$ cat entry.cif   # mmCIF, C-alpha atoms
data_query
loop_
_atom_site.label_atom_id
_atom_site.label_comp_id
_atom_site.auth_asym_id
_atom_site.auth_seq_id
_atom_site.Cartn_x
_atom_site.Cartn_y
_atom_site.Cartn_z
CA MET A 22 -75.67 -102.74 0.31
CA ARG A 23 -78.83 -103.17 2.36
CA LEU A 24 -81.44 -100.98 4.02
CA ALA A 25 -81.54 -101.72 7.78
CA ILE A 26 -82.67 -100.27 11.09
CA ILE A 27 -80.43 -100.25 14.17
CA ARG A 28 -82.32 -102.25 16.83
CA GLY A 29 -79.73 -102.81 19.56
CA TYR A 30 -76.17 -103.65 20.43
CA VAL A 31 -74.08 -106.51 21.80
CA THR A 32 -71.16 -106.64 24.22
CA SER A 33 -68.34 -109.15 23.97
CA THR A 34 -65.20 -109.69 26.05
CA VAL A 35 -63.63 -112.61 24.18
CA LYS A 36 -63.48 -111.68 20.49
CA HIS A 37 -61.18 -111.34 17.52
CA PRO A 38 -58.61 -108.69 18.55
CA SER A 39 -59.51 -106.47 15.59
CA PHE A 40 -62.90 -105.68 17.22
CA ALA A 41 -61.31 -104.21 20.38
CA GLY A 42 -62.94 -100.84 21.09
CA ALA A 43 -65.47 -101.10 18.25
CA ARG A 44 -69.20 -100.42 18.80
CA LEU A 45 -71.06 -103.56 17.77
CA LEU A 46 -74.63 -102.69 16.78
CA ILE A 47 -77.46 -105.04 15.79
CA ALA A 48 -78.87 -103.96 12.41
CA GLN A 49 -82.12 -105.53 11.22
CA PRO A 50 -82.34 -105.48 7.40
CA VAL A 51 -85.76 -104.15 6.35
CA ASP A 52 -87.89 -103.70 3.24
CA LEU A 53 -89.49 -100.38 2.16
CA ALA A 54 -92.34 -100.89 4.68
CA ASP A 55 -89.77 -101.24 7.52
CA LYS A 56 -90.66 -104.95 7.87
CA PRO A 57 -87.77 -107.27 8.84
CA ASP A 58 -86.21 -108.82 5.75
CA GLY A 59 -83.53 -111.40 6.56
CA PRO A 60 -81.48 -112.19 9.67
CA PRO A 61 -80.12 -109.40 11.91
CA GLN A 62 -76.44 -108.54 11.43
CA VAL A 63 -73.90 -107.32 13.95
CA VAL A 64 -72.15 -104.36 12.33
CA ILE A 65 -69.41 -101.88 13.14
CA ASP A 66 -70.38 -98.24 13.17
CA PRO A 67 -67.92 -95.56 12.03
CA LEU A 68 -70.68 -92.89 11.95
CA GLY A 69 -71.97 -92.93 15.54
CA THR A 70 -75.50 -94.07 14.67
CA ALA A 71 -78.35 -93.81 17.20
CA LEU A 72 -80.83 -96.54 18.13
CA HIS A 73 -83.75 -97.00 15.67
CA GLU A 74 -82.11 -94.99 12.91
CA LYS A 75 -82.48 -96.28 9.37
CA VAL A 76 -79.14 -96.92 7.72
CA ILE A 77 -77.47 -98.48 4.73
CA LEU A 78 -75.19 -101.43 5.46
CA CYS A 79 -72.24 -102.19 3.24
CA SER A 80 -70.62 -105.64 3.02
CA ASP A 81 -67.24 -104.40 1.74
CA GLY A 82 -64.80 -106.28 3.98
CA SER A 83 -61.74 -104.47 2.60
CA TRP A 84 -62.98 -101.11 3.89
CA ALA A 85 -63.89 -102.70 7.24
CA ARG A 86 -60.37 -104.06 7.58
CA ALA A 87 -58.92 -100.64 6.77
CA PHE A 88 -61.18 -98.97 9.37
CA LEU A 89 -60.26 -101.51 12.07
CA LYS A 90 -56.58 -101.22 11.02
CA ASP A 91 -56.19 -105.00 10.90
CA PRO A 92 -55.70 -106.83 7.58
CA ARG A 93 -56.66 -110.08 9.35
CA SER A 94 -60.06 -108.90 10.60
CA PRO A 95 -63.05 -111.10 9.66
CA CYS A 96 -65.38 -108.07 9.82
CA ARG A 97 -67.67 -107.65 6.81
CA TRP A 98 -70.73 -105.45 7.55
CA TRP A 99 -70.58 -101.77 8.52
CA VAL A 100 -72.85 -98.71 8.57
CA MET A 101 -72.18 -96.79 5.39
CA GLY A 102 -74.82 -94.07 5.64
CA ILE A 103 -77.80 -92.77 7.61
CA VAL A 104 -81.01 -92.67 5.56
CA ASP A 105 -83.22 -89.57 5.28
CA GLU A 106 -85.93 -91.17 3.19
CA ALA A 107 -86.48 -94.41 1.29
CA SER A 108 -89.61 -94.46 -0.87
CA GLU A 109 -91.31 -96.73 -3.36
CA GLY A 110 -91.40 -95.87 -7.04
CA SER A 111 -89.16 -93.50 -8.99
CA ALA A 112 -88.01 -90.24 -7.45
CA ALA A 113 -89.78 -87.24 -9.01
CA MET B 15 -71.53 -111.02 11.43
CA ARG B 16 -74.68 -112.91 12.36
CA LEU B 17 -75.58 -113.95 15.88
CA ALA B 18 -75.91 -117.69 16.51
CA THR B 19 -76.60 -120.10 19.38
CA VAL B 20 -74.16 -122.98 19.81
CA ILE B 21 -75.91 -126.38 19.95
CA GLY B 22 -73.09 -128.89 19.41
CA ARG B 23 -69.66 -129.83 18.08
CA VAL B 24 -68.20 -131.73 15.16
CA THR B 25 -64.99 -133.78 15.15
CA LEU B 26 -63.36 -135.03 11.96
CA SER B 27 -61.23 -138.12 11.30
CA VAL B 28 -60.31 -137.15 7.74
CA ARG B 29 -59.88 -133.49 6.93
CA HIS B 30 -58.39 -130.94 4.56
CA PRO B 31 -54.75 -130.50 5.72
CA ALA B 32 -55.30 -126.78 6.41
CA LEU B 33 -57.92 -127.62 9.06
CA LYS B 34 -55.46 -129.47 11.34
CA GLY B 35 -56.19 -128.66 15.00
CA GLU B 36 -59.59 -127.23 14.24
CA ARG B 37 -62.54 -126.87 16.63
CA LEU B 38 -65.88 -126.96 14.84
CA LEU B 39 -69.22 -125.93 16.35
CA VAL B 40 -72.73 -126.58 15.17
CA ALA B 41 -74.71 -123.36 15.58
CA LEU B 42 -78.19 -122.04 14.82
CA PRO B 43 -78.02 -118.51 13.33
CA TRP B 44 -80.64 -116.09 14.60
CA GLY B 45 -83.50 -115.11 12.32
CA PRO B 46 -85.38 -111.79 12.39
CA LYS B 47 -87.73 -112.99 15.18
CA THR B 48 -85.17 -114.80 17.35
CA PRO B 49 -84.19 -111.83 19.60
CA GLN B 50 -87.82 -111.56 20.82
CA THR B 51 -88.99 -115.19 20.72
CA GLY B 52 -85.80 -117.19 21.37
CA ALA B 53 -86.94 -119.45 18.51
CA ASP B 54 -87.34 -119.19 14.72
CA HIS B 55 -83.64 -119.76 14.02
CA ASP B 56 -82.18 -120.10 10.56
CA TYR B 57 -80.89 -123.53 9.41
CA SER B 58 -77.86 -124.86 11.29
CA ILE B 59 -74.29 -124.20 10.16
CA VAL B 60 -70.83 -125.48 11.12
CA VAL B 61 -68.56 -122.74 12.48
CA TYR B 62 -64.76 -122.70 12.90
CA ASP B 63 -63.93 -121.67 16.47
CA GLN B 64 -60.65 -120.47 18.03
CA LEU B 65 -62.18 -118.72 21.06
CA GLY B 66 -63.61 -121.74 22.93
CA ALA B 67 -67.38 -121.21 22.70
CA GLY B 68 -69.51 -123.51 24.87
CA SER B 69 -72.80 -125.24 24.15
CA GLY B 70 -75.80 -122.96 24.65
CA GLY B 71 -73.71 -119.80 24.30
CA THR B 72 -74.28 -116.95 21.87
CA ILE B 73 -71.57 -116.22 19.32
CA GLY B 74 -70.95 -113.79 16.48
CA VAL B 75 -70.30 -115.62 13.22
CA CYS B 76 -68.43 -113.94 10.37
CA GLU B 77 -69.33 -115.48 7.03
CA SER B 78 -68.36 -115.49 3.40
CA THR B 79 -64.80 -114.77 2.23
CA GLU B 80 -64.10 -112.61 5.29
CA ALA B 81 -64.24 -115.81 7.41
CA THR B 82 -60.86 -116.79 5.97
CA ARG B 83 -59.10 -113.48 6.74
CA PRO B 84 -57.82 -114.41 10.25
CA PHE B 85 -55.78 -117.32 8.82
CA GLU B 86 -52.21 -116.92 7.62
CA LYS B 87 -52.42 -119.86 5.20
CA PRO B 88 -55.28 -120.40 2.73
CA THR B 89 -57.96 -122.23 4.74
CA PRO B 90 -61.31 -123.53 3.45
CA VAL B 91 -63.63 -121.85 5.98
CA ASP B 92 -66.84 -119.91 5.34
CA ALA B 93 -68.07 -119.37 8.91
CA TYR B 94 -65.75 -118.12 11.66
CA CYS B 95 -66.60 -117.53 15.32
CA ALA B 96 -65.35 -113.95 15.80
CA ALA B 97 -66.89 -113.10 19.20
CA LEU B 98 -68.35 -114.72 22.30
CA ILE B 99 -71.38 -112.53 23.03
CA ASP B 100 -71.86 -111.52 26.69
CA THR B 101 -75.02 -109.40 26.47
CA VAL B 102 -77.57 -108.61 23.78
CA PHE B 103 -79.73 -105.47 23.89
CA TYR B 104 -82.51 -105.57 21.31
CA GLN B 105 -85.63 -103.40 20.84
CA PRO B 106 -87.87 -104.67 18.02
CA GLU B 107 -89.64 -101.28 17.70
CA ASP B 108 -88.92 -97.67 18.52
CA PRO B 109 -90.93 -97.00 21.75
CA HIS B 110 -90.98 -93.23 21.06
CA ARG B 111 -92.43 -93.48 17.58
CA ALA B 112 -95.98 -92.12 17.26
#

$ encode --input "entry.cif" --output "structure tokens"
Amino acid sequence: MRLAIIRGYVTSTVKHPSFAGARLLIAQPVDLADKPDGPPQVVIDPLGTALHEKVILCSDGSWARAFLKDPRSPCRWWVMGIVDEASEGSAA
Amino acid sequence: MRLATVIGRVTLSVRHPALKGERLLVALPWGPKTPQTGADHDYSIVVYDQLGAGSGGTIGVCESTEATRPFEKPTPVDAYCAALIDTVFYQPEDPHRA
């Protein structure tokens, strides 16, 4: 799982049929200072996330295939949760 | 999936039997700065394509074990072109943030 911020979206007409109707968001993985950390990922979004919200991405493809109802889907990354706070050090 | 820009193609004379009839692209995956600068790509990768992506186009590349899911028979693929991207909307920072 990775911390990321939703920075945009893409549209696509020709795609794997399992993505039909799915919102495809661009999630930029970030570190604790909100600095970009690694390449942006296109993710599916079962939660209805807004732009610039901080989220946790999950790379569990089996859940993504269940959500898209297609056992042949190549989808891997999806928005697992919306973050309230991510802080350095141990939680008090 | 990662976004990538198609820069070329690969053809094979000898191949794994499962790859018969393949179409292979050479693509540059986008890095964290690419949406703003159009440069700073990650190192190039070879991508299996069934959708017919053209040179210069933007594609969505599914990687890792999920790249093999669309195939009925076991196929040695770790990057699969899952979408031809029409438009990209990207905002590097939240304009409403104080």

$ closest_atom_pairs --input "entry.cif" --of "chain A" --to "chain B" --cutoff "8 Å" --atoms "all atoms listed in the file" --output "tab-separated table"
residue	atom	partner	partner_atom	distance
A:Arg28	CA	B:Gln105	CA	5.3
A:Gly29	CA	B:Tyr104	CA	4.3
A:Tyr30	CA	B:Phe103	CA	5.3
A:Val31	CA	B:Val102	CA	4.5
A:Thr32	CA	B:Thr101	CA	5.3
A:Ser33	CA	B:Ile99	CA	4.6
A:Thr34	CA	B:Asp100	CA	6.9
A:Val35	CA	B:Leu98	CA	5.5
A:Lys36	CA	B:Ala97	CA	3.9
A:His37	CA	B:Ala96	CA	5.2
A:Ile47	CA	B:Tyr104	CA	7.5
A:Gln49	CA	B:Pro46	CA	7.2
A:Pro57	CA	B:Pro46	CA	6.2
A:Asp58	CA	B:Pro46	CA	7.3
A:Gly59	CA	B:Pro46	CA	6.1
A:Pro60	CA	B:Gly45	CA	4.4
A:Pro61	CA	B:Pro46	CA	5.8
A:Gln62	CA	B:Arg16	CA	4.8
A:Val63	CA	B:Met15	CA	5.1
A:Val64	CA	B:Met15	CA	6.7
A:His73	CA	B:Asp108	CA	5.9
A:Gly82	CA	B:Glu80	CA	6.5
A:Pro92	CA	B:Arg83	CA	7.5
A:Arg93	CA	B:Pro84	CA	4.6
A:Ser94	CA	B:Pro84	CA	6.0
A:Pro95	CA	B:Glu80	CA	4.7
A:Cys96	CA	B:Glu80	CA	6.5
A:Arg97	CA	B:Glu80	CA	6.3
A:Trp98	CA	B:Met15	CA	6.8

$ atom_distance --input "entry.cif" --atom1 "CA of Lys87 in chain B" --atom2 "CA of Trp99 in chain A"
25.8 Å

$ resolve_selection --input "entry.cif" --expression "the PyMOL selection byres ((chain A and resi 70) around 10)" --output "list in words"
Ile27, Arg44, Leu46, Asp66, Pro67, Leu68, Gly69, Ala71, Leu72, His73, Glu74, Lys75, Val76, Val100, Gly102 and Ile103 of chain A

$ resolve_selection --input "entry.cif" --expression "the PyMOL selection byres ((chain B and resi 20) around 8)" --output "VMD selection string"
chain B and resid 18 to 19 21 to 22 39 to 42 67 to 73

$ closest_residue --input "entry.cif" --among "A:Asp55, A:Ala48, A:Met101, A:Glu106" --to "Asp81 in chain A" --atoms "all atoms listed in the file"
A:Met101

$ atom_distance --input "entry.cif" --atom1 "CA of Pro90 in chain B" --atom2 "CA of Tyr57 in chain B"
20.5 Å

$ atom_distance --input "entry.cif" --atom1 "CA of Leu38 in chain B" --atom2 "CA of Tyr62 in chain B"
4.8 Å

$ closest_residue --input "entry.cif" --among "A:Gly110, A:Asp91, A:Ile65, A:Ile77" --to "Ala43 in chain A" --atoms "all atoms listed in the file"
A:Ile65

$ closest_residue --input "entry.cif" --among "A:Val104, A:Lys90, A:Glu109, A:Ala54" --to "Gly42 in chain A" --atoms "only C-alpha atoms"
A:Lys90

$ residues_around --input "entry.cif" --residues "Thr89 in chain B" --least-positions-apart "6" --cutoff "9 Å" --atoms "all atoms listed in the file" --output "NGL selection string"
:B and (30-33 or 82)

$ write_last_selection --input "entry.cif" --atoms "C-alpha atoms" --output "tab-separated table (two decimals), in the frame of the given file"
chain	number	residue	atom	x	y	z
B	30	HIS	CA	-58.39	-130.94	4.56
B	31	PRO	CA	-54.75	-130.50	5.72
B	32	ALA	CA	-55.30	-126.78	6.41
B	33	LEU	CA	-57.92	-127.62	9.06
B	82	THR	CA	-60.86	-116.79	5.97

$ build_atoms --input "entry.cif" --residues "range 83-106 of chain B" --atoms "N, CA and C atoms" --output "PDB file, keeping the file's coordinate frame"
ATOM      1  N   ARG B  83     -60.124-114.520   6.544  1.00  0.00           N
ATOM      2  CA  ARG B  83     -59.100-113.480   6.740  1.00  0.00           C
ATOM      3  C   ARG B  83     -58.199-113.709   7.951  1.00  0.00           C
ATOM      4  N   PRO B  84     -58.720-114.251   9.094  1.00  0.00           N
ATOM      5  CA  PRO B  84     -57.820-114.410  10.250  1.00  0.00           C
ATOM      6  C   PRO B  84     -56.703-115.420  10.030  1.00  0.00           C
ATOM      7  N   PHE B  85     -56.759-116.243   8.990  1.00  0.00           N
ATOM      8  CA  PHE B  85     -55.780-117.320   8.820  1.00  0.00           C
ATOM      9  C   PHE B  85     -54.610-116.859   7.971  1.00  0.00           C
ATOM     10  N   GLU B  86     -53.399-117.308   8.373  1.00  0.00           N
ATOM     11  CA  GLU B  86     -52.210-116.920   7.620  1.00  0.00           C
ATOM     12  C   GLU B  86     -52.103-117.717   6.325  1.00  0.00           C
ATOM     13  N   LYS B  87     -52.464-119.023   6.396  1.00  0.00           N
ATOM     14  CA  LYS B  87     -52.420-119.860   5.200  1.00  0.00           C
ATOM     15  C   LYS B  87     -53.824-119.972   4.625  1.00  0.00           C
ATOM     16  N   PRO B  88     -53.940-120.209   3.308  1.00  0.00           N
ATOM     17  CA  PRO B  88     -55.280-120.400   2.730  1.00  0.00           C
ATOM     18  C   PRO B  88     -56.007-121.540   3.435  1.00  0.00           C
ATOM     19  N   THR B  89     -57.196-121.260   3.950  1.00  0.00           N
ATOM     20  CA  THR B  89     -57.960-122.230   4.740  1.00  0.00           C
ATOM     21  C   THR B  89     -59.397-122.257   4.231  1.00  0.00           C
ATOM     22  N   PRO B  90     -59.939-123.452   3.984  1.00  0.00           N
ATOM     23  CA  PRO B  90     -61.310-123.530   3.450  1.00  0.00           C
ATOM     24  C   PRO B  90     -62.350-123.375   4.550  1.00  0.00           C
ATOM     25  N   VAL B  91     -62.670-122.147   4.920  1.00  0.00           N
ATOM     26  CA  VAL B  91     -63.630-121.850   5.980  1.00  0.00           C
ATOM     27  C   VAL B  91     -64.591-120.794   5.464  1.00  0.00           C
ATOM     28  N   ASP B  92     -65.900-120.969   5.718  1.00  0.00           N
ATOM     29  CA  ASP B  92     -66.840-119.910   5.340  1.00  0.00           C
ATOM     30  C   ASP B  92     -67.698-119.438   6.501  1.00  0.00           C
ATOM     31  N   ALA B  93     -67.379-119.892   7.721  1.00  0.00           N
ATOM     32  CA  ALA B  93     -68.070-119.370   8.910  1.00  0.00           C
ATOM     33  C   ALA B  93     -67.073-119.409  10.056  1.00  0.00           C
ATOM     34  N   TYR B  94     -66.806-118.254  10.660  1.00  0.00           N
ATOM     35  CA  TYR B  94     -65.750-118.120  11.660  1.00  0.00           C
ATOM     36  C   TYR B  94     -66.327-117.453  12.905  1.00  0.00           C
ATOM     37  N   CYS B  95     -66.113-118.093  14.061  1.00  0.00           N
ATOM     38  CA  CYS B  95     -66.600-117.530  15.320  1.00  0.00           C
ATOM     39  C   CYS B  95     -65.694-116.371  15.721  1.00  0.00           C
ATOM     40  N   ALA B  96     -66.187-115.133  15.578  1.00  0.00           N
ATOM     41  CA  ALA B  96     -65.350-113.950  15.800  1.00  0.00           C
ATOM     42  C   ALA B  96     -65.555-113.346  17.179  1.00  0.00           C
ATOM     43  N   ALA B  97     -66.628-113.710  17.892  1.00  0.00           N
ATOM     44  CA  ALA B  97     -66.890-113.100  19.200  1.00  0.00           C
ATOM     45  C   ALA B  97     -67.771-114.008  20.036  1.00  0.00           C
ATOM     46  N   LEU B  98     -67.441-114.093  21.333  1.00  0.00           N
ATOM     47  CA  LEU B  98     -68.350-114.720  22.300  1.00  0.00           C
ATOM     48  C   LEU B  98     -69.190-113.593  22.885  1.00  0.00           C
ATOM     49  N   ILE B  99     -70.510-113.644  22.666  1.00  0.00           N
ATOM     50  CA  ILE B  99     -71.380-112.530  23.030  1.00  0.00           C
ATOM     51  C   ILE B  99     -71.767-112.638  24.513  1.00  0.00           C
ATOM     52  N   ASP B 100     -71.501-111.559  25.273  1.00  0.00           N
ATOM     53  CA  ASP B 100     -71.860-111.520  26.690  1.00  0.00           C
ATOM     54  C   ASP B 100     -73.303-111.078  26.879  1.00  0.00           C
ATOM     55  N   THR B 101     -73.663-109.922  26.316  1.00  0.00           N
ATOM     56  CA  THR B 101     -75.020-109.400  26.470  1.00  0.00           C
ATOM     57  C   THR B 101     -75.563-108.961  25.124  1.00  0.00           C
ATOM     58  N   VAL B 102     -76.876-109.079  24.984  1.00  0.00           N
ATOM     59  CA  VAL B 102     -77.570-108.610  23.780  1.00  0.00           C
ATOM     60  C   VAL B 102     -78.651-107.643  24.220  1.00  0.00           C
ATOM     61  N   PHE B 103     -78.621-106.415  23.692  1.00  0.00           N
ATOM     62  CA  PHE B 103     -79.730-105.470  23.890  1.00  0.00           C
ATOM     63  C   PHE B 103     -80.441-105.349  22.571  1.00  0.00           C
ATOM     64  N   TYR B 104     -81.767-105.582  22.571  1.00  0.00           N
ATOM     65  CA  TYR B 104     -82.510-105.570  21.310  1.00  0.00           C
ATOM     66  C   TYR B 104     -83.888-104.987  21.559  1.00  0.00           C
ATOM     67  N   GLN B 105     -84.282-103.983  20.785  1.00  0.00           N
ATOM     68  CA  GLN B 105     -85.630-103.400  20.840  1.00  0.00           C
ATOM     69  C   GLN B 105     -86.253-103.567  19.463  1.00  0.00           C
ATOM     70  N   PRO B 106     -87.304-104.414  19.349  1.00  0.00           N
ATOM     71  CA  PRO B 106     -87.870-104.670  18.020  1.00  0.00           C
ATOM     72  C   PRO B 106     -88.526-103.444  17.396  1.00  0.00           C
TER      73      PRO B 106
END
